[in-house]
file target_17.txt (compact mmCIF, C-alpha atoms)
# COMPACT_ATOMS: atom_id res chain seq x y z
CA MET A 1 -0.80 32.01 -68.45
CA ASP A 2 -2.80 34.79 -70.18
CA ILE A 3 -2.87 33.95 -73.89
CA ARG A 4 -4.68 37.22 -74.65
CA ASN A 5 -1.47 39.24 -74.21
CA ILE A 6 0.94 36.66 -75.59
CA CYS A 7 1.47 38.72 -78.75
CA GLY A 8 2.13 41.86 -76.75
CA PRO A 9 -0.15 44.34 -74.93
CA GLY A 10 -2.66 46.05 -77.18
CA TYR A 11 -1.90 43.88 -80.21
CA VAL A 12 -4.52 44.32 -82.95
CA PHE A 13 -5.34 41.37 -85.21
CA GLN A 14 -4.20 41.95 -88.84
CA SER A 15 -5.15 39.08 -91.10
CA GLY A 16 -2.43 37.68 -93.36
CA THR A 17 0.53 39.54 -91.87
CA GLU A 18 3.69 37.75 -90.79
CA ARG A 19 3.28 39.07 -87.25
CA ASP A 20 -0.25 37.67 -87.11
CA LYS A 21 0.90 34.24 -88.28
CA SER A 22 3.61 34.27 -85.62
CA CYS A 23 1.05 35.32 -83.01
CA GLN A 24 -1.32 32.48 -83.94
CA ILE A 25 1.51 29.96 -83.59
CA LYS A 26 2.37 31.34 -80.15
CA ARG A 27 -1.26 31.11 -79.05
CA SER A 28 -1.56 27.54 -80.29
CA ARG A 29 1.57 26.54 -78.39
CA ALA A 30 0.28 28.27 -75.25
CA LEU A 31 -3.04 26.44 -75.46
CA LEU A 32 -1.22 23.14 -75.99
CA LYS A 33 0.78 23.79 -72.81
CA ILE A 34 -2.45 24.35 -70.88
CA PHE A 35 -3.89 21.07 -72.16
CA ARG A 36 -0.67 19.26 -71.28
CA ASN A 37 -0.53 20.83 -67.82
CA GLU A 38 -1.18 18.01 -65.34
CA LYS A 39 -3.41 20.15 -63.11
CA TYR A 40 -5.73 21.32 -65.88
CA GLY A 41 -5.17 18.31 -68.13
CA ARG A 42 -7.05 15.93 -65.84
CA LEU A 43 -10.00 18.29 -65.65
CA ILE A 44 -10.10 18.83 -69.41
CA GLU A 45 -9.70 15.13 -70.22
CA ASN A 46 -12.42 14.07 -67.80
CA PHE A 47 -14.71 16.88 -68.89
CA PHE A 48 -14.59 15.68 -72.49
CA SER A 49 -14.95 12.03 -71.47
CA LEU A 50 -17.94 12.88 -69.29
CA SER A 51 -19.37 15.10 -72.05
CA ILE A 52 -19.30 12.22 -74.51
CA LEU A 53 -20.70 9.81 -71.94
CA GLN A 54 -23.43 12.13 -70.73
CA GLY A 55 -24.18 13.21 -74.28
CA ALA A 56 -24.91 9.59 -75.15
CA ASN A 57 -26.99 9.16 -71.98
CA TYR A 58 -29.25 12.05 -72.97
CA LEU A 59 -29.05 12.04 -76.76
CA LEU A 60 -29.82 8.36 -77.36
CA PRO A 61 -33.05 8.41 -75.27
CA LEU A 62 -34.08 11.55 -77.17
CA ILE A 63 -33.59 9.62 -80.42
CA THR A 64 -35.96 6.87 -79.28
CA LEU A 65 -38.40 9.26 -77.57
CA PRO A 66 -40.38 10.31 -80.69
CA TYR A 67 -40.64 6.69 -81.82
CA LEU A 68 -41.76 5.35 -78.43
CA VAL A 69 -44.32 8.12 -77.96
CA ARG A 70 -45.84 7.40 -81.36
CA VAL A 71 -45.88 3.62 -80.82
CA PHE A 72 -47.14 3.64 -77.23
CA GLY A 73 -49.23 6.81 -77.35
CA ALA A 74 -49.49 9.25 -74.43
CA GLU A 75 -51.18 6.67 -72.21
CA GLY A 76 -48.81 3.78 -72.97
CA TYR A 77 -45.72 5.95 -72.67
CA GLY A 78 -47.04 7.32 -69.39
CA GLN A 79 -47.53 3.76 -68.15
CA VAL A 80 -43.88 2.87 -68.86
CA MET A 81 -42.57 6.14 -67.39
CA PHE A 82 -44.66 5.61 -64.25
CA ALA A 83 -42.83 2.31 -63.65
CA TYR A 84 -39.47 3.84 -64.54
CA SER A 85 -40.00 6.72 -62.09
CA PHE A 86 -40.95 4.30 -59.32
CA ILE A 87 -37.77 2.31 -59.91
CA GLN A 88 -35.70 5.49 -59.45
CA TYR A 89 -36.41 5.33 -55.72
CA PHE A 90 -34.44 2.09 -55.59
CA VAL A 91 -31.67 3.51 -57.76
CA ILE A 92 -31.31 6.25 -55.14
CA LEU A 93 -31.40 3.66 -52.33
CA THR A 94 -28.67 1.46 -53.82
CA ASP A 95 -26.55 4.46 -54.76
CA TYR A 96 -26.85 5.72 -51.16
CA GLY A 97 -24.90 8.85 -52.03
CA PHE A 98 -21.75 6.93 -52.98
CA ASN A 99 -21.59 8.69 -56.34
CA LEU A 100 -20.56 11.69 -54.23
CA SER A 101 -18.94 10.36 -51.04
CA ALA A 102 -17.03 7.50 -52.72
CA THR A 103 -15.91 9.79 -55.54
CA ARG A 104 -14.30 12.09 -52.99
CA SER A 105 -12.78 9.18 -51.03
CA VAL A 106 -11.25 7.66 -54.17
CA SER A 107 -9.99 11.07 -55.32
CA VAL A 108 -8.05 11.85 -52.13
CA ASN A 109 -6.72 8.28 -51.75
CA ARG A 110 -5.94 7.47 -55.37
CA GLU A 111 -2.23 6.90 -54.63
CA ASN A 112 -2.98 4.39 -51.85
CA SER A 113 -3.83 1.08 -53.53
CA ALA A 114 -4.75 -0.69 -50.27
CA LYS A 115 -7.15 2.10 -49.33
CA ILE A 116 -8.69 2.08 -52.81
CA SER A 117 -9.36 -1.67 -52.53
CA GLU A 118 -10.97 -1.09 -49.14
CA ILE A 119 -13.21 1.67 -50.51
CA VAL A 120 -14.30 -0.28 -53.60
CA CYS A 121 -15.14 -3.48 -51.73
CA SER A 122 -16.91 -1.67 -48.89
CA VAL A 123 -19.12 0.24 -51.32
CA LEU A 124 -19.96 -2.88 -53.35
CA ILE A 125 -20.90 -4.83 -50.21
CA ILE A 126 -23.22 -2.05 -49.02
CA LYS A 127 -24.80 -1.73 -52.47
CA SER A 128 -25.40 -5.50 -52.63
CA ILE A 129 -27.22 -5.42 -49.29
CA PHE A 130 -29.39 -2.54 -50.46
CA LEU A 131 -30.18 -4.39 -53.70
CA ILE A 132 -31.66 -7.30 -51.75
CA VAL A 133 -33.55 -5.04 -49.33
CA GLY A 134 -34.82 -2.86 -52.17
CA PHE A 135 -36.11 -5.82 -54.16
CA GLY A 136 -38.10 -7.01 -51.14
CA ILE A 137 -39.61 -3.56 -50.61
CA MET A 138 -40.47 -3.22 -54.30
CA CYS A 139 -42.24 -6.60 -54.40
CA GLY A 140 -44.21 -5.68 -51.29
CA VAL A 141 -45.46 -2.45 -52.87
CA VAL A 142 -46.09 -3.88 -56.34
CA PHE A 143 -48.17 -6.84 -55.17
CA SER A 144 -50.16 -4.91 -52.57
CA VAL A 145 -51.13 -1.72 -54.45
CA PRO A 146 -53.71 -2.19 -57.27
CA GLN A 147 -52.19 0.48 -59.57
CA PHE A 148 -48.89 -1.39 -59.45
CA ARG A 149 -50.15 -4.96 -59.38
CA THR A 150 -51.78 -4.76 -62.81
CA ASP A 151 -48.32 -4.22 -64.37
CA TRP A 152 -46.21 -6.33 -61.99
CA GLN A 153 -44.11 -7.77 -64.83
CA LEU A 154 -43.13 -4.28 -65.95
CA PHE A 155 -41.93 -3.33 -62.47
CA LEU A 156 -39.99 -6.56 -61.91
CA LEU A 157 -38.19 -6.23 -65.24
CA MET A 158 -37.42 -2.58 -64.51
CA TYR A 159 -35.50 -3.66 -61.41
CA GLY A 160 -32.74 -4.87 -63.71
CA ILE A 161 -31.94 -1.17 -64.21
CA VAL A 162 -31.36 -0.87 -60.46
CA ILE A 163 -28.96 -3.84 -60.53
CA GLY A 164 -27.01 -2.41 -63.46
CA GLN A 165 -26.81 1.07 -61.93
CA ALA A 166 -25.69 -0.32 -58.56
CA TYR A 167 -22.73 -2.16 -60.09
CA PHE A 168 -21.77 0.55 -62.57
CA PRO A 169 -18.92 2.21 -60.59
CA ILE A 170 -18.86 5.64 -62.16
CA TRP A 171 -17.82 6.98 -58.74
CA PHE A 172 -14.53 5.05 -58.97
CA PHE A 173 -13.59 6.38 -62.41
CA GLN A 174 -14.61 9.93 -61.49
CA GLY A 175 -12.49 9.79 -58.35
CA MET A 176 -9.51 8.40 -60.27
CA GLU A 177 -10.25 10.95 -63.02
CA LYS A 178 -10.00 8.17 -65.61
CA MET A 179 -13.40 8.40 -67.25
CA LYS A 180 -12.07 7.40 -70.67
CA TYR A 181 -12.04 3.76 -69.52
CA ILE A 182 -15.82 3.48 -69.36
CA THR A 183 -16.96 6.10 -71.86
CA ALA A 184 -16.64 3.80 -74.89
CA LEU A 185 -18.12 0.89 -72.96
CA ASN A 186 -21.19 2.81 -71.84
CA ILE A 187 -21.83 4.31 -75.25
CA THR A 188 -21.56 0.90 -76.94
CA ALA A 189 -24.09 -0.60 -74.54
CA ARG A 190 -26.47 2.33 -75.06
CA LEU A 191 -26.14 2.13 -78.86
CA ILE A 192 -27.05 -1.56 -78.83
CA PHE A 193 -30.05 -0.79 -76.61
CA THR A 194 -31.15 2.00 -78.96
CA VAL A 195 -30.92 -0.14 -82.09
CA PHE A 196 -32.94 -2.97 -80.55
CA ILE A 197 -35.65 -0.50 -79.47
CA PHE A 198 -36.44 0.08 -83.15
CA VAL A 199 -36.06 -3.62 -84.02
CA LEU A 200 -38.15 -5.23 -81.27
CA ILE A 201 -40.75 -2.61 -80.30
CA ARG A 202 -43.37 -2.46 -83.04
CA ASN A 203 -46.64 -1.83 -81.20
CA ARG A 204 -47.96 -1.04 -77.74
CA SER A 205 -48.02 -4.70 -76.68
CA ASP A 206 -44.21 -4.79 -76.97
CA TYR A 207 -43.75 -2.44 -74.01
CA LEU A 208 -42.01 -5.12 -71.89
CA PHE A 209 -39.06 -5.07 -74.29
CA TYR A 210 -38.26 -1.57 -73.00
CA PRO A 211 -37.24 -2.61 -69.45
CA ILE A 212 -35.64 -5.81 -70.75
CA LEU A 213 -33.34 -3.98 -73.15
CA TYR A 214 -32.63 -1.17 -70.72
CA SER A 215 -31.71 -3.64 -67.96
CA ILE A 216 -29.44 -5.74 -70.19
CA GLY A 217 -27.57 -2.60 -71.28
CA PHE A 218 -26.96 -1.38 -67.73
CA ILE A 219 -26.04 -4.78 -66.31
CA THR A 220 -23.57 -5.51 -69.14
CA ALA A 221 -21.87 -2.13 -68.70
CA GLY A 222 -21.68 -2.66 -64.94
CA VAL A 223 -20.12 -6.12 -65.14
CA ILE A 224 -17.46 -5.07 -67.65
CA SER A 225 -16.67 -1.93 -65.63
CA LEU A 226 -16.04 -4.02 -62.52
CA TYR A 227 -13.76 -6.26 -64.59
CA ILE A 228 -11.76 -3.19 -65.62
CA ILE A 229 -11.45 -2.05 -62.00
CA PHE A 230 -10.11 -5.35 -60.72
CA ARG A 231 -8.01 -6.09 -63.81
CA GLN A 232 -6.66 -2.76 -65.06
CA PHE A 233 -6.44 -0.86 -61.77
CA LYS A 234 -5.24 -3.86 -59.74
CA VAL A 235 -7.94 -3.43 -57.10
CA LYS A 236 -7.83 -6.47 -54.83
CA PRO A 237 -11.01 -8.15 -53.57
CA VAL A 238 -11.02 -7.82 -49.78
CA ILE A 239 -13.61 -8.18 -47.03
CA PRO A 240 -13.31 -5.09 -44.79
CA SER A 241 -14.30 -5.26 -41.14
CA PHE A 242 -17.82 -4.30 -40.08
CA LYS A 243 -16.40 -1.16 -38.47
CA ILE A 244 -14.82 -0.02 -41.74
CA ILE A 245 -17.93 -0.78 -43.80
CA HIS A 246 -20.10 1.04 -41.26
CA GLY A 247 -17.74 4.02 -41.48
CA TYR A 248 -18.28 4.38 -45.23
CA PHE A 249 -22.01 3.82 -44.74
CA LYS A 250 -22.20 6.57 -42.13
CA GLU A 251 -20.06 8.95 -44.19
CA SER A 252 -22.41 8.62 -47.17
CA THR A 253 -25.65 8.94 -45.19
CA GLN A 254 -25.83 12.73 -45.45
CA PHE A 255 -25.38 12.49 -49.23
CA PHE A 256 -28.09 9.81 -49.39
CA LEU A 257 -30.54 12.01 -47.48
CA SER A 258 -29.82 14.76 -49.98
CA ARG A 259 -30.30 12.51 -53.02
CA ALA A 260 -33.44 10.95 -51.51
CA SER A 261 -34.83 14.43 -51.00
CA VAL A 262 -34.13 15.30 -54.63
CA SER A 263 -36.06 12.22 -55.78
CA ILE A 264 -39.11 13.48 -53.89
CA TYR A 265 -39.51 16.39 -56.28
CA THR A 266 -38.28 14.58 -59.40
CA ALA A 267 -39.48 10.97 -59.54
CA SER A 268 -42.37 11.70 -57.17
CA ASN A 269 -43.90 14.17 -59.60
CA THR A 270 -44.53 11.37 -62.07
CA ILE A 271 -45.72 8.98 -59.33
CA VAL A 272 -48.22 11.50 -57.93
CA LEU A 273 -49.53 12.32 -61.41
CA GLY A 274 -49.89 8.62 -62.17
CA LEU A 275 -51.85 7.97 -58.98
CA PHE A 276 -54.14 11.01 -59.10
CA ALA A 277 -54.23 12.21 -62.73
CA GLY A 278 -53.73 9.03 -64.78
CA PRO A 279 -51.22 7.69 -67.34
CA VAL A 280 -52.12 10.24 -70.03
CA ALA A 281 -51.05 13.11 -67.76
CA VAL A 282 -47.86 11.17 -66.98
CA GLY A 283 -47.23 10.79 -70.72
CA TYR A 284 -47.47 14.54 -71.33
CA TYR A 285 -45.38 15.41 -68.29
CA ALA A 286 -42.69 12.77 -68.88
CA SER A 287 -42.32 13.81 -72.53
CA ALA A 288 -41.65 17.44 -71.61
CA GLU A 289 -39.43 16.36 -68.73
CA GLN A 290 -37.24 14.31 -71.09
CA LEU A 291 -36.55 17.41 -73.17
CA TYR A 292 -35.89 19.44 -70.01
CA LYS A 293 -33.44 16.78 -68.81
CA GLY A 294 -31.73 17.00 -72.18
CA MET A 295 -31.14 20.73 -71.59
CA GLN A 296 -29.97 20.16 -68.04
CA GLY A 297 -27.81 17.23 -69.11
CA LEU A 298 -25.58 19.49 -71.18
CA PHE A 299 -23.91 20.58 -67.96
CA VAL A 300 -23.87 17.29 -66.06
CA PRO A 301 -20.40 16.33 -67.41
CA LEU A 302 -19.13 19.69 -66.22
CA THR A 303 -20.48 19.26 -62.68
CA ASN A 304 -19.21 15.68 -62.48
CA ALA A 305 -15.73 16.67 -63.63
CA LEU A 306 -15.59 19.72 -61.36
CA TYR A 307 -16.42 17.91 -58.12
CA PRO A 308 -13.21 15.84 -57.72
CA TYR A 309 -11.15 18.61 -59.34
CA THR A 310 -12.38 21.36 -57.00
CA ALA A 311 -12.05 19.08 -53.97
CA LYS A 312 -8.37 18.58 -54.79
CA GLU A 313 -7.29 21.89 -56.37
CA ARG A 314 -9.74 24.38 -54.73
CA ASN A 315 -9.50 26.64 -57.78
CA VAL A 316 -12.30 29.15 -57.08
CA VAL A 317 -11.19 31.61 -59.77
CA LEU A 318 -11.61 29.01 -62.52
CA PHE A 319 -14.91 27.88 -61.00
CA LYS A 320 -16.37 31.42 -61.13
CA LYS A 321 -15.50 31.71 -64.81
CA ILE A 322 -17.14 28.37 -65.57
CA VAL A 323 -20.35 29.36 -63.75
CA THR A 324 -20.54 32.64 -65.67
CA TRP A 325 -20.27 30.90 -69.04
CA ALA A 326 -22.72 28.18 -68.01
CA VAL A 327 -25.34 30.78 -67.05
CA LEU A 328 -24.93 32.67 -70.33
CA ILE A 329 -25.21 29.51 -72.44
CA MET A 330 -28.26 28.21 -70.58
CA LEU A 331 -29.95 31.62 -70.72
CA VAL A 332 -29.68 31.70 -74.50
CA LEU A 333 -30.87 28.09 -74.76
CA ALA A 334 -33.85 28.75 -72.48
CA VAL A 335 -34.97 31.73 -74.57
CA VAL A 336 -34.72 29.69 -77.77
CA VAL A 337 -36.75 26.82 -76.27
CA VAL A 338 -39.50 29.16 -75.05
CA ILE A 339 -39.81 30.83 -78.46
CA PHE A 340 -39.83 27.59 -80.47
CA SER A 341 -41.55 25.24 -77.99
CA GLU A 342 -44.54 24.55 -80.28
CA PHE A 343 -42.27 23.72 -83.20
CA ILE A 344 -40.01 21.50 -81.07
CA THR A 345 -42.81 19.43 -79.54
CA GLY A 346 -44.68 19.17 -82.85
CA LEU A 347 -41.56 17.91 -84.60
CA ILE A 348 -40.67 15.36 -81.91
CA PHE A 349 -44.05 14.12 -80.68
CA GLY A 350 -46.43 14.90 -83.52
CA ASN A 351 -50.07 15.91 -83.09
CA GLY A 352 -51.94 15.59 -79.81
CA PHE A 353 -49.11 16.72 -77.52
CA GLU A 354 -50.01 20.42 -77.19
CA PRO A 355 -49.88 20.30 -73.35
CA THR A 356 -46.25 19.22 -73.62
CA SER A 357 -45.44 22.44 -75.46
CA ASP A 358 -46.88 24.55 -72.63
CA LEU A 359 -44.94 22.51 -70.08
CA LEU A 360 -41.72 23.03 -72.00
CA LYS A 361 -42.15 26.81 -71.65
CA LEU A 362 -42.16 26.33 -67.88
CA PHE A 363 -39.26 23.88 -67.88
CA ALA A 364 -36.95 26.17 -69.90
CA PRO A 365 -36.43 28.80 -67.15
CA LEU A 366 -36.36 25.97 -64.61
CA ALA A 367 -33.30 24.55 -66.38
CA LEU A 368 -31.47 27.85 -65.83
CA ILE A 369 -32.25 27.81 -62.10
CA VAL A 370 -31.18 24.18 -61.75
CA VAL A 371 -27.85 24.59 -63.58
CA VAL A 372 -26.75 27.37 -61.21
CA SER A 373 -28.02 25.41 -58.21
CA VAL A 374 -26.24 22.20 -59.23
CA LEU A 375 -22.94 23.98 -59.87
CA LEU A 376 -23.05 25.69 -56.47
CA GLY A 377 -23.98 22.43 -54.75
CA TYR A 378 -21.60 19.50 -54.67
CA PRO A 379 -18.99 20.76 -57.18
CA PHE A 380 -18.50 23.90 -55.05
CA LEU A 381 -19.98 23.87 -51.54
CA ALA A 382 -19.36 20.18 -50.86
CA ALA A 383 -15.94 20.19 -52.54
CA LEU A 384 -14.86 23.10 -50.31
CA GLY A 385 -16.03 21.41 -47.12
CA HIS A 386 -19.54 22.87 -46.77
CA ALA A 387 -21.63 19.91 -47.91
CA LYS A 388 -24.31 20.63 -45.31
CA TYR A 389 -25.68 23.50 -47.40
CA ALA A 390 -25.87 21.32 -50.51
CA ASN A 391 -27.61 18.61 -48.49
CA TYR A 392 -29.89 20.75 -46.33
CA SER A 393 -31.01 22.80 -49.33
CA VAL A 394 -32.64 19.80 -51.02
CA ILE A 395 -34.08 18.53 -47.75
CA ALA A 396 -35.73 21.93 -47.22
CA GLY A 397 -36.87 21.91 -50.84
CA ALA A 398 -38.32 18.41 -50.50
CA ILE A 399 -40.32 19.34 -47.39
CA CYS A 400 -41.78 22.39 -49.13
CA HIS A 401 -42.46 20.31 -52.24
CA ILE A 402 -44.44 17.68 -50.33
CA ILE A 403 -46.50 20.33 -48.54
CA MET A 404 -47.34 22.08 -51.83
CA LEU A 405 -48.24 18.78 -53.53
CA LEU A 406 -50.56 17.79 -50.68
CA ILE A 407 -52.29 21.17 -50.73
CA THR A 408 -52.84 21.08 -54.50
CA ILE A 409 -54.02 17.44 -54.86
CA PRO A 410 -57.67 18.56 -55.35
CA ILE A 411 -56.59 20.67 -58.33
CA LEU A 412 -53.57 18.59 -59.36
CA SER A 413 -52.47 18.95 -62.98
CA ILE A 414 -49.30 18.75 -65.03
CA TYR A 415 -49.01 22.55 -64.84
CA SER A 416 -49.41 22.81 -61.06
CA VAL A 417 -46.73 20.15 -60.60
CA ALA A 418 -44.35 22.06 -62.91
CA ILE A 419 -44.94 25.35 -61.06
CA ILE A 420 -44.40 23.64 -57.70
CA THR A 421 -41.10 22.25 -59.02
CA ILE A 422 -39.96 25.74 -60.05
CA ILE A 423 -40.72 27.07 -56.56
CA THR A 424 -38.89 24.12 -54.99
CA GLU A 425 -35.75 24.57 -57.09
CA THR A 426 -35.74 28.29 -56.30
CA ILE A 427 -35.75 27.44 -52.58
CA VAL A 428 -32.85 25.01 -53.10
CA LEU A 429 -30.84 27.63 -54.99
CA SER A 430 -31.53 30.29 -52.33
CA VAL A 431 -30.18 28.08 -49.52
CA ARG A 432 -27.02 27.35 -51.50
CA ILE A 433 -26.43 31.01 -52.32
CA TYR A 434 -26.83 31.75 -48.60
CA GLY A 435 -24.14 29.16 -47.79
CA VAL A 436 -21.74 30.61 -50.36
CA LYS A 437 -22.23 34.17 -49.05
CA LYS A 438 -22.07 33.22 -45.37
CA HIS A 439 -18.62 31.67 -45.73
CA GLY A 440 -17.35 34.20 -48.27
CA LEU A 441 -16.50 31.43 -50.73
CA TRP A 442 -17.12 33.59 -53.79
CA LYS A 443 -14.50 36.10 -52.60
CA VAL A 444 -11.71 33.54 -52.28
CA ALA A 445 -8.91 34.38 -54.70
call {"tool": "encode", "arguments": {"input": "target_17.txt", "output": "C-alpha cells"}}
result
Amino acid sequence: MDIRNICGPGYVFQSGTERDKSCQIKRSRALLKIFRNEKYGRLIENFFSLSILQGANYLLPLITLPYLVRVFGAEGYGQVMFAYSFIQYFVILTDYGFNLSATRSVSVNRENSAKISEIVCSVLIIKSIFLIVGFGIMCGVVFSVPQFRTDWQLFLLMYGIVIGQAYFPIWFFQGMEKMKYITALNITARLIFTVFIFVLIRNRSDYLFYPILYSIGFITAGVISLYIIFRQFKVKPVIPSFKIIHGYFKESTQFFLSRASVSIYTASNTIVLGLFAGPVAVGYYASAEQLYKGMQGLFVPLTNALYPYTAKERNVVLFKKIVTWAVLIMLVLAVVVVIFSEFITGLIFGNGFEPTSDLLKLFAPLALIVVVSVLLGYPFLAALGHAKYANYSVIAGAICHIIMLLITIPILSIYSVAIITIITETIVLSVRIYGVKKHGLWKVA
C-alpha cells in the first residue's frame, strides 16, 4: 500500500481545506491498516519492544557513567571495567551463539509446542554445563595470574552477571516475536540497579557493590523470564536425548565461533590495555567506548527485530529501505559527535578526561561502519541462508586484529587500539558486502 498517492496522483498539500482534511483521515486509516497487518505488525511491535528494552540497557548505564567515573576516578573505573571485560568471555561462552541459532529455531517452530519445549530445555542444559565449566576456567585464571589475583573478589562477584545472562532467554522471546513479555521486567530490574548505584556507592572503596548489584539485577530478570516461559507459554520441562542436545550444540557452534571472534576485538581491547598500559588507560578507553556503544545501541533493537522477521518473510525490499535510513541517521549522528566531542566528554566526565574526547572522534565514524556491517550480517546474510559470510567475516577480522595488536604492543596506546578496531571492522564489512554481491541478494525484488 503506497500512502503517498492515497489522495490521488500529484496531490498538493493545502492546509485547512476540506480535501486536505479528508486526505489526512485516509492516510491515518492506511497507516493503521499497516500497523494492524499481521506480517508487519509483528515486526513493528517487536521493534518498539526491543527499542524500549535496548534503550534502557544503554541509557541507564550512561546515567550512572558520569557518577561512577567521578567516584572511582579513571584508575578505579578502569579497574572495574577490566574485570567486566574479562567476564564477557564467559558471557560469550555460555551464550554459545544461541541468541542467534535458538532464535531462528524458535521462530520457525513456534507453532509446534513439543518442538519448542525440546529447544528450550536443550539450550538451558547446554548453558548450565558451560556455566560450570566457565566458572572453573575463570577461577583458574584469576588465582594464577597476579593482575587478576589482587582483585579476586571483584571477578568472582562479576560472574553473577554470567549466570543472569545465561538464564535470560531473550532468544526465546525474539523467536516467538513476543518481546513485550520481558521488556517491562528487564527495565524494572535495571531501574532498581541504577537507583542502588547512587545509594550504595559513595567512594572508591565501594566498588564491589557494582558487580553485586549488576548480578542481582540480571539473575532476578532471568529467573522471572524462565517462569514466564514455563507458565505463560506452556513450555514443558523435558530431558532431550544426548543426540538431540548434541544437534543443537553443533548447530550453534558456527555462531559461537563468530561471537567468540567478535569478543577478541571488543572485550580483548580492554584486557590488553589493562595488562600492558594500566588501569588509567582502561578508564579512558572504556569511558569513550561506553558512549560509542550508546550510539551503536540505537540500532540494536532494529537488528534484533529484523533477524527473525527476515528469516520468515524474506522481505528484501523493506530491508533495503531500512538500511538506507539507518545509514543516513548514523551519518548525521557521527558528524554531530565529532564536532561536539569535547563538549560531550567534558559534560559527562568532567576535567581530566581529554583523551576520551579524542577517542570519541575515532569511535564516531566507527559506529557508522559497524551499523552497516551488523545489518548486513545476521539480520540479512544469515536470515537468507548465507550465515557463513557473517561468521567468516568476524573470524577473518579477529585474526587480523590479533596480528595488529601483537605488532603494536611496543607502542600500545588507547589510540592505536582504536585505529586497529576501525581497520578490523572495515575488514568485517568488506567480507559481508562481498557475500551480498556474490549471491546477488541486494537485487532480489
call {"tool": "closest_residue", "arguments": {"input": "target_17.txt", "among": "A:Val431, A:Ala56, A:Val374, A:Leu441", "to": "Gly397 in chain A", "atoms": "all atoms listed in the file"}}
result
A:Val431
call {"tool": "closest_residue", "arguments": {"input": "target_17.txt", "among": "A:Asn203, A:Ile395, A:Tyr284, A:Phe135", "to": "Gly160 in chain A", "atoms": "all atoms listed in the file"}}
result
A:Phe135
call {"tool": "residues_around", "arguments": {"input": "target_17.txt", "residues": "Gln153 in chain A", "least_positions_apart": "2", "cutoff": "12 Å", "atoms": "all atoms listed in the file", "output": "list of chain:residue names"}}
result
A:Val80, A:Ala83, A:Cys139, A:Val142, A:Phe143, A:Phe148, A:Arg149, A:Thr150, A:Asp151, A:Phe155, A:Leu156, A:Leu157, A:Met158, A:Tyr159, A:Gly160, A:Tyr207, A:Leu208, A:Phe209, A:Tyr210, A:Pro211, A:Ile212
call {"tool": "write_last_selection", "arguments": {"input": "target_17.txt", "atoms": "C-alpha atoms", "output": "compact mmCIF listing (two decimals), in the coordinates of the input"}}
result
# COMPACT_ATOMS: atom_id res chain seq x y z
CA VAL A 80 -43.88 2.87 -68.86
CA ALA A 83 -42.83 2.31 -63.65
CA CYS A 139 -42.24 -6.60 -54.40
CA VAL A 142 -46.09 -3.88 -56.34
CA PHE A 143 -48.17 -6.84 -55.17
CA PHE A 148 -48.89 -1.39 -59.45
CA ARG A 149 -50.15 -4.96 -59.38
CA THR A 150 -51.78 -4.76 -62.81
CA ASP A 151 -48.32 -4.22 -64.37
CA PHE A 155 -41.93 -3.33 -62.47
CA LEU A 156 -39.99 -6.56 -61.91
CA LEU A 157 -38.19 -6.23 -65.24
CA MET A 158 -37.42 -2.58 -64.51
CA TYR A 159 -35.50 -3.66 -61.41
CA GLY A 160 -32.74 -4.87 -63.71
CA TYR A 207 -43.75 -2.44 -74.01
CA LEU A 208 -42.01 -5.12 -71.89
CA PHE A 209 -39.06 -5.07 -74.29
CA TYR A 210 -38.26 -1.57 -73.00
CA PRO A 211 -37.24 -2.61 -69.45
CA ILE A 212 -35.64 -5.81 -70.75
call {"tool": "residues_around", "arguments": {"input": "target_17.txt", "residues": "Pro66 in chain A", "least_positions_apart": "2", "cutoff": "6 Å", "atoms": "only C-alpha atoms", "output": "number ranges by chain"}}
result
A: 64, 68-69, 348-349
call {"tool": "closest_residue", "arguments": {"input": "target_17.txt", "among": "A:Cys121, A:Leu291, A:Leu318, A:Val235", "to": "Leu362 in chain A", "atoms": "all atoms listed in the file"}}
result
A:Leu291
call {"tool": "atom_distance", "arguments": {"input": "target_17.txt", "atom1": "CA of Val428 in chain A", "atom2": "CA of Leu65 in chain A"}}
result
29.6 Å
call {"tool": "decode", "arguments": {"input": "target_17.txt", "residues": "range 351-360 of chain A", "atoms": "N, CA and C atoms", "output": "PDB file, in the first residue's frame"}}
result
ATOM      1  N   ASN A 351      36.637  17.264  34.233  1.00  0.00           N
ATOM      2  CA  ASN A 351      38.026  17.543  33.867  1.00  0.00           C
ATOM      3  C   ASN A 351      38.888  16.286  33.966  1.00  0.00           C
ATOM      4  N   GLY A 352      39.970  16.285  33.199  1.00  0.00           N
ATOM      5  CA  GLY A 352      40.932  15.187  33.272  1.00  0.00           C
ATOM      6  C   GLY A 352      40.651  14.033  32.338  1.00  0.00           C
ATOM      7  N   PHE A 353      39.645  14.172  31.466  1.00  0.00           N
ATOM      8  CA  PHE A 353      39.319  13.085  30.538  1.00  0.00           C
ATOM      9  C   PHE A 353      39.468  13.527  29.082  1.00  0.00           C
ATOM     10  N   GLU A 354      40.455  14.396  28.826  1.00  0.00           N
ATOM     11  CA  GLU A 354      40.695  14.885  27.469  1.00  0.00           C
ATOM     12  C   GLU A 354      40.979  13.754  26.479  1.00  0.00           C
ATOM     13  N   PRO A 355      41.760  12.715  26.856  1.00  0.00           N
ATOM     14  CA  PRO A 355      41.995  11.613  25.911  1.00  0.00           C
ATOM     15  C   PRO A 355      40.706  10.926  25.452  1.00  0.00           C
ATOM     16  N   THR A 356      39.698  10.936  26.304  1.00  0.00           N
ATOM     17  CA  THR A 356      38.421  10.318  25.940  1.00  0.00           C
ATOM     18  C   THR A 356      37.757  11.074  24.799  1.00  0.00           C
ATOM     19  N   SER A 357      37.923  12.388  24.780  1.00  0.00           N
ATOM     20  CA  SER A 357      37.367  13.209  23.709  1.00  0.00           C
ATOM     21  C   SER A 357      37.989  12.855  22.364  1.00  0.00           C
ATOM     22  N   ASP A 358      39.312  12.684  22.346  1.00  0.00           N
ATOM     23  CA  ASP A 358      39.997  12.310  21.103  1.00  0.00           C
ATOM     24  C   ASP A 358      39.566  10.920  20.634  1.00  0.00           C
ATOM     25  N   LEU A 359      39.383  10.019  21.578  1.00  0.00           N
ATOM     26  CA  LEU A 359      38.923   8.668  21.236  1.00  0.00           C
ATOM     27  C   LEU A 359      37.523   8.696  20.627  1.00  0.00           C
ATOM     28  N   LEU A 360      36.679   9.554  21.172  1.00  0.00           N
ATOM     29  CA  LEU A 360      35.299   9.633  20.697  1.00  0.00           C
ATOM     30  C   LEU A 360      35.248  10.058  19.229  1.00  0.00           C
TER      31      LEU A 360
END
